[in-house]
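Structure file start29.txt (compact mmCIF, C-alpha atoms) follows.
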# COMPACT_ATOMS: atom_id res chain seq x y z
CA MET A 27 -3.87 8.13 5.09
CA THR A 28 -7.55 7.73 4.18
CA ARG A 29 -9.46 11.02 4.43
CA LEU A 30 -13.23 11.39 4.65
CA LEU A 31 -15.50 14.42 4.41
CA VAL A 32 -18.22 14.15 7.09
CA ILE A 33 -21.21 16.50 6.99
CA VAL A 34 -23.36 17.14 10.08
CA ASN A 35 -26.85 18.37 9.16
CA HIS A 36 -28.35 18.84 12.62
CA ILE A 37 -27.00 19.32 16.15
CA GLU A 38 -28.97 16.26 17.32
CA SER A 39 -27.53 14.04 14.58
CA GLN A 40 -23.85 13.97 15.43
CA PRO A 41 -21.28 11.39 14.24
CA GLY A 42 -21.59 9.39 17.47
CA LEU A 43 -19.83 6.04 17.19
CA LEU A 44 -18.45 6.96 13.78
CA THR A 45 -15.91 9.28 15.41
CA GLN A 46 -14.19 6.62 17.50
CA TRP A 47 -14.42 4.06 14.72
CA MET A 48 -12.77 6.37 12.20
CA ILE A 49 -10.00 7.12 14.68
CA SER A 50 -9.50 3.42 15.44
CA GLU A 51 -9.25 2.76 11.68
CA ASN A 52 -6.60 5.50 11.26
CA VAL A 53 -8.96 7.55 9.13
CA GLU A 54 -8.56 11.31 8.98
CA PHE A 55 -11.88 13.14 8.76
CA ASP A 56 -12.88 16.68 7.90
CA LEU A 57 -16.04 17.49 9.86
CA ARG A 58 -18.26 20.20 8.40
CA ILE A 59 -21.44 21.47 10.09
CA GLY A 60 -24.24 22.54 7.78
CA GLY A 61 -25.19 26.17 8.32
CA VAL A 62 -21.97 26.85 10.25
CA SER A 63 -19.06 25.54 8.19
CA ARG A 64 -18.49 26.26 4.54
CA LEU A 65 -19.01 23.11 2.52
CA PRO A 66 -16.34 22.30 -0.08
CA GLU A 67 -16.99 22.78 -3.76
CA PRO A 68 -17.54 19.59 -5.79
CA SER A 69 -14.06 19.93 -7.30
CA ASP A 70 -12.64 19.88 -3.77
CA LEU A 71 -13.77 16.26 -3.41
CA ASN A 72 -10.52 15.35 -5.16
CA ASP A 73 -8.92 15.94 -1.75
CA TYR A 74 -11.03 13.22 -0.11
CA ASP A 75 -11.35 9.45 -0.40
CA GLY A 76 -15.00 9.28 0.64
CA LEU A 77 -18.06 11.20 1.82
CA ILE A 78 -20.38 10.59 4.78
CA MET A 79 -23.59 12.63 5.20
CA LEU A 80 -25.47 12.43 8.51
CA GLY A 81 -29.11 12.88 9.49
CA GLY A 82 -31.22 15.89 10.41
CA GLY A 83 -34.77 17.11 10.76
CA TYR A 84 -35.16 18.38 7.20
CA MET A 85 -36.32 17.13 3.85
CA PRO A 86 -33.50 16.96 1.28
CA ASP A 87 -35.07 19.77 -0.77
CA GLU A 88 -35.85 22.10 2.15
CA THR A 89 -33.20 24.57 1.08
CA ASP A 90 -35.26 27.47 2.44
CA GLN A 91 -34.70 26.17 5.99
CA ALA A 92 -31.36 24.47 5.39
CA PRO A 93 -29.72 26.29 2.47
CA TRP A 94 -26.52 24.24 2.66
CA LEU A 95 -28.45 21.18 1.46
CA GLU A 96 -28.19 22.53 -2.09
CA ALA A 97 -24.38 22.49 -1.84
CA GLU A 98 -24.51 19.08 -0.18
CA ALA A 99 -26.61 17.72 -3.04
CA ARG A 100 -24.01 19.01 -5.50
CA LEU A 101 -21.32 17.15 -3.55
CA SER A 102 -23.36 13.95 -3.57
CA ARG A 103 -24.05 14.28 -7.29
CA HIS A 104 -20.36 14.88 -8.06
CA ALA A 105 -19.41 11.87 -5.93
CA LEU A 106 -21.82 9.74 -7.95
CA GLU A 107 -20.41 11.04 -11.22
CA THR A 108 -16.80 10.38 -10.17
CA ASP A 109 -17.50 7.08 -8.36
CA LEU A 110 -16.32 8.51 -5.04
CA PRO A 111 -17.67 6.26 -2.23
CA GLN A 112 -20.37 7.93 -0.16
CA PHE A 113 -22.55 6.83 2.75
CA GLY A 114 -25.73 8.73 3.65
CA ILE A 115 -27.54 8.21 6.95
CA CYS A 116 -31.25 9.10 7.36
CA LEU A 117 -31.42 12.60 5.80
CA GLY A 118 -28.10 11.83 4.12
CA GLY A 119 -29.57 8.69 2.57
CA GLN A 120 -32.72 10.57 1.56
CA LEU A 121 -30.55 13.21 -0.08
CA ILE A 122 -28.82 10.58 -2.21
CA ALA A 123 -32.25 9.21 -3.15
CA HIS A 124 -33.41 12.73 -4.05
CA VAL A 125 -30.31 13.34 -6.20
CA ILE A 126 -30.85 10.16 -8.24
CA GLY A 127 -34.53 10.93 -8.82
CA GLY A 128 -36.17 9.00 -5.99
CA ASP A 129 -39.33 10.08 -4.20
CA VAL A 130 -38.84 11.32 -0.61
CA ARG A 131 -41.90 12.45 1.36
CA ALA A 132 -42.40 14.21 4.68
CA GLN A 133 -44.44 12.69 7.52
CA THR A 134 -45.37 9.66 5.46
CA GLY A 135 -46.23 6.21 6.79
CA ALA A 136 -45.69 4.98 10.33
CA PRO A 137 -42.87 6.65 12.29
CA GLU A 138 -39.99 4.52 13.55
CA LYS A 139 -38.18 5.14 16.83
CA GLY A 140 -35.57 3.16 18.75
CA TYR A 141 -33.91 -0.16 17.97
CA THR A 142 -35.85 -1.62 15.05
CA TRP A 143 -35.41 -4.97 13.30
CA ILE A 144 -34.06 -4.55 9.79
CA ASP A 145 -34.22 -7.39 7.25
CA MET A 146 -31.63 -7.63 4.50
CA THR A 147 -32.67 -8.44 0.94
CA GLU A 148 -31.13 -11.17 -1.21
CA ASP A 149 -29.06 -8.51 -2.97
CA ALA A 150 -27.48 -7.50 0.34
CA ALA A 151 -25.61 -10.81 0.48
CA GLN A 152 -23.71 -9.81 -2.68
CA ASP A 153 -23.14 -6.20 -1.67
CA PRO A 154 -19.59 -5.18 -0.68
CA VAL A 155 -20.87 -3.34 2.41
CA PHE A 156 -24.04 -5.09 3.57
CA SER A 157 -22.66 -8.58 3.07
CA ALA A 158 -20.63 -7.83 6.23
CA ILE A 159 -23.69 -8.46 8.41
CA GLY A 160 -26.29 -11.20 8.69
CA ASN A 161 -29.81 -11.44 7.32
CA ARG A 162 -31.31 -9.47 10.20
CA ALA A 163 -30.05 -6.74 12.51
CA ALA A 164 -31.41 -4.12 14.90
CA PHE A 165 -30.47 -0.47 14.39
CA VAL A 166 -31.64 2.81 15.88
CA GLU A 167 -34.42 4.52 13.94
CA SER A 168 -35.67 8.09 14.35
CA HIS A 169 -37.81 9.32 11.46
CA VAL A 170 -41.23 10.43 10.33
CA ASP A 171 -40.11 11.17 6.75
CA ARG A 172 -39.05 8.47 4.32
CA ILE A 173 -38.12 7.36 0.83
CA VAL A 174 -41.20 5.99 -0.93
CA ASP A 175 -39.67 5.13 -4.30
CA LEU A 176 -36.27 4.69 -5.95
CA PRO A 177 -35.29 4.63 -9.63
CA PRO A 178 -34.54 1.26 -11.29
CA GLU A 179 -30.77 1.73 -11.10
CA ALA A 180 -30.89 1.64 -7.28
CA THR A 181 -30.62 -1.70 -5.50
CA LEU A 182 -32.72 -2.25 -2.38
CA LEU A 183 -30.55 -3.75 0.37
CA ALA A 184 -32.67 -3.66 3.52
CA THR A 185 -36.26 -3.23 4.64
CA SER A 186 -38.39 -3.19 7.80
CA THR A 187 -42.01 -3.92 8.66
CA ALA A 188 -42.94 -0.24 8.73
CA CYS A 189 -40.59 1.12 6.08
CA ARG A 190 -39.66 -0.61 2.83
CA PHE A 191 -36.59 1.45 1.92
CA GLN A 192 -34.19 0.98 4.83
CA ALA A 193 -31.00 0.77 2.78
CA PHE A 194 -30.06 0.99 -0.88
CA ARG A 195 -27.09 1.27 -3.17
CA VAL A 196 -26.50 3.05 -6.44
CA GLY A 197 -23.00 2.89 -7.89
CA ASN A 198 -20.55 3.60 -5.08
CA ALA A 199 -23.20 5.27 -2.91
CA TRP A 200 -25.03 3.71 0.02
CA GLY A 201 -28.00 5.22 1.82
CA THR A 202 -29.71 4.10 5.02
CA GLN A 203 -32.85 5.18 6.80
CA PHE A 204 -31.55 3.80 10.09
CA HIS A 205 -28.74 5.22 12.23
CA PRO A 206 -25.74 2.88 12.60
CA GLU A 207 -23.87 5.63 14.45
CA SER A 208 -26.45 5.90 17.25
CA THR A 209 -26.84 4.04 20.56
CA GLY A 210 -29.13 3.82 23.55
CA GLN A 211 -27.51 7.01 24.81
CA ASN A 212 -29.23 8.88 22.00
CA ILE A 213 -32.57 7.37 23.01
CA GLY A 214 -31.96 8.48 26.59
CA ASN A 215 -31.87 12.09 25.38
CA TRP A 216 -35.21 11.88 23.58
CA ASP A 217 -38.29 13.69 24.91
CA ALA A 218 -40.68 11.18 26.49
CA LYS A 219 -43.76 13.31 25.76
CA LYS A 220 -42.90 13.66 22.06
CA LEU A 221 -42.29 9.93 21.86
CA GLN A 222 -45.68 9.27 23.43
CA GLU A 223 -47.34 11.51 20.85
CA LEU A 224 -45.79 9.30 18.16
CA GLY A 225 -47.01 6.14 19.88
CA PHE A 226 -43.78 5.09 21.65
CA ASP A 227 -42.94 4.53 25.30
CA LYS A 228 -39.48 5.75 26.24
CA ASP A 229 -38.94 3.12 28.95
CA THR A 230 -39.75 0.38 26.45
CA LEU A 231 -37.30 1.84 23.94
CA LEU A 232 -34.57 2.00 26.60
CA SER A 233 -35.25 -1.60 27.61
CA GLN A 234 -34.93 -2.69 23.97
CA ALA A 235 -31.68 -0.73 23.77
CA GLU A 236 -30.22 -2.81 26.60
CA GLU A 237 -31.28 -6.02 24.86
CA ARG A 238 -30.18 -5.17 21.32
CA GLY A 239 -27.49 -2.53 21.74
CA GLU A 240 -24.38 -4.71 21.87
CA ASP A 241 -25.24 -6.75 18.79
CA SER A 242 -26.28 -3.60 16.96
CA ARG A 243 -22.98 -1.92 17.72
CA ARG A 244 -21.11 -4.93 16.35
CA ASP A 245 -23.13 -4.91 13.12
CA ALA A 246 -22.81 -1.15 12.73
CA LYS A 247 -19.03 -1.37 13.10
CA ALA A 248 -18.98 -4.14 10.49
CA LEU A 249 -20.88 -1.90 8.06
CA LEU A 250 -18.48 0.99 8.54
CA THR A 251 -15.41 -1.23 8.21
CA ALA A 252 -16.81 -2.69 4.98
CA PHE A 253 -17.47 0.82 3.64
CA LEU A 254 -13.92 1.85 4.53
CA ASN A 255 -12.64 -1.20 2.66
CA VAL A 256 -14.51 0.06 -0.43
CA VAL A 257 -12.92 3.48 0.07
CA ARG A 258 -9.41 2.04 0.39
CA ASN A 259 -9.74 -0.50 -2.43
CA ARG A 260 -10.72 2.26 -4.87
CA HIS A 261 -7.07 3.26 -5.07
CA GLN A 262 -5.68 -0.27 -5.48
As structure tokens, please, write out the structure in this file.
Amino acid sequence: MTRLLVIVNHIESQPGLLTQWMISENVEFDLRIGGVSRLPEPSDLNDYDGLIMLGGGYMPDETDQAPWLEAEARLSRHALETDLPQFGICLGGQLIAHVIGGDVRAQTGAPEKGYTWIDMTEDAAQDPVFSAIGNRAAFVESHVDRIVDLPPEATLLATSTACRFQAFRVGNAWGTQFHPESTGQNIGNWDAKKLQELGFDKDTLLSQAEERGEDSRRDAKALLTAFLNVVRNRHQ
């Protein structure tokens, strides 16, 4: 049976739809919570077929506030060195970018919240994961920090009007700024006043969730299934 290591970095960034999708795909997953659970050592990754790192309200190098991120970075680096498939979401994607020498900055550029249109690059059509969806898709965004540069070995896969680096690949690692695991239910839990301070209206975001949610869920499932195919094909 396929076995994934899944790391939760913040209580508000839970696996969401990933949980039911992994179960429906007969995937066993080991869920570790940063700051609560002990993270495996890099050598322990031999016991897993893939790695998924979720989001959180930290920068990837904020080890003073989130000390487990240092261990998580070691896991990501080891996965890169051993070609173990990994998928990083928001903070998880930024952590991969940080590990490979990219530039990740706090509170930079325009914030993104709610279902946002993401445009795929030409390279996405040839990618084993992102070729599973069309040229454009809407996914949930929730960030004020972002990747501002990636090294040449990384391939840009997706972009948006407000944020250039929405998805990238390096080796067998994929990182996204958006949240394929999230839905309108997540938006419903957001603080309306905080959204307003960032320039967003919660009712508008919820209305967009009703319009775009079903298609987004389909595309997000396609991405996960394609990633799982990469994980399974590694042993064939």
Open item on the list: List as a VMD selection string the protein and nucleic acid residues near Pro206 in chain A, meaning an atom at most 8 Å away when only C-alpha atoms are counted, but skip any in the same chain fewer than 3 places from it.
Closed with: chain A and resid 115 165 to 166 242 to 243 246 to 247
If I wrap all listed atoms of range 173-182 of chain A in a box with edges along x, y and z and add 6 Å on each side, what are its centre and edge lengths in Å to one decimal, as AutoDock Vina command-line options?
--center_x -35.9 --center_y 2.6 --center_z -5.2 --size_x 22.6 --size_y 21.6 --size_z 24.1
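Across the structure, CA of Phe226 in chain A and CA of Ala136 in chain A are spaced 11.5 Å apart.
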TODO: Show which residues sit within 6 Å of range 49-66 of chain A, as a list in words. Count only C-alpha atoms, and ignore same-chain residues fewer than 2 positions away.
DONE: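 The residues satisfying every condition are Thr28, Arg29, Leu30, Leu31, Val32, Ile33, Val34, Asn35, Gln46, Trp47, Asp70 and Trp94 of chain A.
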Open item on the list: Considering only C-alpha atoms, can you say which of A:Ala199, A:Ala180, A:Ala252, A:Ile173 comes closest to Ser102 in chain A?
Closed with: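 Of A:Ala199, A:Ala180, A:Ala252, A:Ile173, the one nearest Ser102 in chain A is A:Ala199, counting only C-alpha atoms.
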Task: Atom-to-atom span, CA of Asn161 in chain A and CA of His124 in chain A, Å - done: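 Interatomic distance, CA of Asn161 in chain A to CA of His124 in chain A: 27.0 Å.
When only C-alpha atoms are used to compute distances to Ile213 in chain A, the closest of the residues A:Thr185, A:Gln91, A:Thr134, A:Gln234 turns out to be A:Gln234.
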- [ ] Starting from the point (-27.2, 16.9, 10.2), work out which residues of protein, DNA or RNA have an atom no more than 6 Å away when counting all atoms listed in the file; state them as an NGL selection string.
- [x] :A and (34-36 or 39 or 80-82)
TODO: Please indicate the distance in Å from CA of Ala218 in chain A to CA of Thr142 in chain A, rounded to one decimal place.
DONE: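 So the answer is 17.8 Å.
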- [ ] Would you kindly return, as JSON, numbers by chain, each protein, DNA or RNA residue with an atom no farther than 8 Å from any atom of Asp109 in chain A, considering only C-alpha atoms and excluding same-chain residues fewer than 2 positions away?
- [x] {"A": [105, 106, 107, 111, 197, 198]}
Task: Counting only C-alpha atoms, the residue of A:Glu88, A:Asp129, A:Glu207, A:Glu67 that sits nearest Val174 in chain A - done: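 Among the listed residues, A:Asp129 lies closest to Val174 in chain A.
Ranking A:Thr202, A:Thr108, A:Gln152, A:Ser157 by their shortest atom-to-atom distance to Ser69 in chain A, with all atoms listed in the file included, puts A:Thr108 first.
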Task: Exercise: Asn215 in chain A partners within 10 Å, only C-alpha atoms, chain neighbours under 4 positions left out, as an MDAnalysis selection string - done: chainID A and resid 38 210:211 228
